[in-house]
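Asks: One structure is given below, represented as structure tokens, and several questions about it will come after.
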Amino acid sequence: MNQRMKISSNPHIRSQATTNGIMTAVVIALLPAAGFGIYNFGPRAALLILVTVASTVLTEFLFGLYRKKTTITDLSAVVTGLLLAMNLPVGLPLWMAVLGGVFAILVVKMLFGGLGQNFMNPALAARCFLLISFPAQMTDFSCDAYTGATPLASLKAGESVDVMSMVIGRTAGTIGETSMIALLIGACFLILLGIIDLRIPGSYLVTFVLFTGIFGGHGFDPAYLSAQLAGGGLMLGAFFMATDYVTRPITGKGQYVYGILLGLLTGIFRIFGPSAEGVSYAIILGNLLVPLIEKCTMPRAFGTSRRLGARKSSREGGRP
């Protein structure tokens, strides 16, 4: 034999994809929505995005200096900052965006061990932190281009909305959530590259549509369901945050269960809750339940069965 057997810890089958490559693809996929957000809201949106990304990258860089380990080259801090910025209203004070970026990296990510160890999505955790800390500023979507309520808020109040404007993105909202078309372009890019698949987004959206059709009070009215799908952060959350490798289940069945859970929670929050939105809280709660979902959906080892496992447990517990 001219090759020596290499012994290493699992996993023994490894993908050729790298963290840097995956994060680069995600950044590219987010550019259409970010670019449309800048076009829709003006230069202030570009400034908020730059400041938020700078805060996450600088926080991770300084923490790396303290730990004598540089991690900013994997671009995960850039993705976190970009996702957080896209979940912020354009008029948010810059110092609040910086605070959110520091919270996302320092508290949610680095203090739990860094990339791969955080138990919830850092960008969404930071958004929820800002929503709790500064509810007035985080729910103020008025700007030079738009005044008044968001389409989802108008829909919840029983008012009519322009669905086509919601699909295109010419509406009020956070920087990156308004254009359904731009988000789907980025999602298709990730799907074609094999970075994400449709198990979580598909089960999420189908469950949400069914729940909204049954309990929304409008039946399966296409205009109402289309507005619910195009409005708020549903598309951004379903394709870019619910699919986060670290905080989603690793089992195939678990990903379907996870998507169904997110669809139910989002529907409950939107229809029965006081707020018109609910994607962020749904995904955060889903993140917390991922360990339980994985435990219940973990495939059995080859050659074993539930009956044999139960017999073995009873023998070990019943006799010394």
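All residue names refer to the structure tokens as shown: chains lettered A, B, ... in order, residues numbered from 1 in each chain, ligands numbered from 1 in order.
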Please provide as a ChimeraX atom specification all residues within 10 Å of region 232-240 of chain A, with the sequence filter that same-chain residues fewer than 2 positions apart are discarded (counting only C-alpha atoms).
Replies: /A:26,29-30,33,83,86-87,124,150-153,166,172-174,176-184,186-188,190-191,196-198,200-205,208,227-230,242-244,259,262-263,266,276-280,282-283
Asks: Excluding Gly148 (chain A) and its own-chain neighbours fewer than 6 positions away, which residues fall within 12 Å of it when counting only C-alpha atoms? Please give them as a VMD selection string.
Replies: chain A and resid 139 to 142 154 171 to 173
Asks: Find the spatial neighbours of region 56-69 of chain A, counting only C-alpha atoms, within a cut-off of 7 Å - ignore same-chain residues fewer than 4 positions away - and output them as a PyMOL selection string.
Replies: chain A and resi 52+77-78+81+101-102+105-106
Asks: Restricting the output to C-alpha atoms, write the selected residues as a compact mmCIF listing (two decimals), in the first residue's frame.
Replies:
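Generated file (selection10.txt):
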```
# COMPACT_ATOMS: atom_id res chain seq x y z
CA THR A 52 -23.85 48.10 11.66
CA ALA A 77 -19.33 38.88 11.41
CA VAL A 78 -20.05 40.61 8.10
CA GLY A 81 -23.96 42.80 10.65
CA GLY A 101 -24.01 44.86 16.60
CA VAL A 102 -21.96 44.63 19.80
CA ILE A 105 -21.25 39.44 18.44
CA LEU A 106 -20.13 39.79 22.02
```
Asks: Go through A:Gly273, A:Pro122, A:Gly37, A:Gly113 one by one, measure the shortest atom-to-atom distance of each to Gly100 (chain A) using only C-alpha atoms, and give the residue with the smallest value.
Replies: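 Checking each candidate against Gly100 (chain A), we get A:Pro122 as the closest.
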Asks: Counting only C-alpha atoms, which of A:Leu84, A:Ile214, A:Leu115, A:Leu292 gets nearest to Thr19 (chain A)?
Replies: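 Checking each candidate against Thr19 (chain A), we get A:Leu115 as the closest.
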Asks: To one decimal in Å, tell me the separation between CA of Thr251 (chain A) and CA of Asn121 (chain A).
Replies: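 Going from CA of Thr251 (chain A) over to CA of Asn121 (chain A) covers 18.2 Å.
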Asks: Could you pull out the alpha helix (DSSP H) residues of region 9-227 of chain A from DSSP and send them as a PyMOL selection string?
Replies: chain A and resi 19-41+43-67+76-86+94-102+122-133+135-138+151-156+163-168+180-193+199-215+222-227
Asks: How far is it from CA of Phe272 (chain A) to CA of Gly91 (chain A), in Å with one decimal?
Replies: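 So the two atoms, CA of Phe272 (chain A) and CA of Gly91 (chain A), lie 28.1 Å apart.
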Asks: Leaving out Val27 (chain A) and any residue of its chain fewer than 6 positions from it, which residues lie within 9 Å of it when counting only C-alpha atoms, given as a list of chain:residue names?
Replies: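 With the cut-off at 9 Å, the set is A:Leu75, A:Val78, A:Val79, A:Leu82.
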Asks: Could you take the residues named above and write them with N, CA, C and O atoms, as a compact mmCIF listing (two decimals), in the first residue's frame?
Replies:
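What ended up in again_7.txt:
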```txt
# COMPACT_ATOMS: atom_id res chain seq x y z
N LEU A 75 -15.72 35.91 7.62
CA LEU A 75 -16.81 36.78 7.14
C LEU A 75 -18.14 36.55 7.86
O LEU A 75 -19.15 37.12 7.46
N VAL A 78 -19.47 39.78 9.15
CA VAL A 78 -20.05 40.61 8.10
C VAL A 78 -21.49 40.19 7.83
O VAL A 78 -22.39 41.02 7.69
N VAL A 79 -21.73 38.88 7.76
CA VAL A 79 -23.09 38.37 7.54
C VAL A 79 -24.01 38.77 8.68
O VAL A 79 -25.15 39.21 8.46
N LEU A 82 -24.76 42.51 8.38
CA LEU A 82 -25.64 42.79 7.24
C LEU A 82 -27.06 42.35 7.53
O LEU A 82 -28.03 43.07 7.24
```
Asks: Out of A:Val209, A:Ala136, A:Ile49, A:Ile72, which residue has the shortest atom-to-atom distance to Met23 (chain A) when counting only C-alpha atoms?
Replies: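 Of the candidates, the smallest distance to Met23 (chain A) is held by A:Ile72.
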Asks: Have a look at A:Ile284, A:Leu192, A:Ala34, A:Met110 and name the one nearest to Phe129 (chain A); count only C-alpha atoms.
Replies: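 Looking at the shortest contact to Phe129 (chain A), the residue is A:Ile284.
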Asks: Let me make sure I understand: among A:Gly213, A:Ser275, A:Phe189, A:Val98, which one has the smallest atom-to-atom distance to Pro135 (chain A) if we use only C-alpha atoms?
Replies: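 Residue with the minimum atom-to-atom distance to Pro135 (chain A): A:Ser275.
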Asks: Nearest to Arg248 (chain A): which of A:Thr70, A:Thr18, A:Asn118, A:Ser160 is it, counting only C-alpha atoms?
Replies: A:Asn118
Asks: Please measure the separation of CA of Arg199 (chain A) and CA of Gly254 (chain A), giving the value in Å to one decimal.
Replies: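 That distance, rounded to one decimal, is 9.7 Å.
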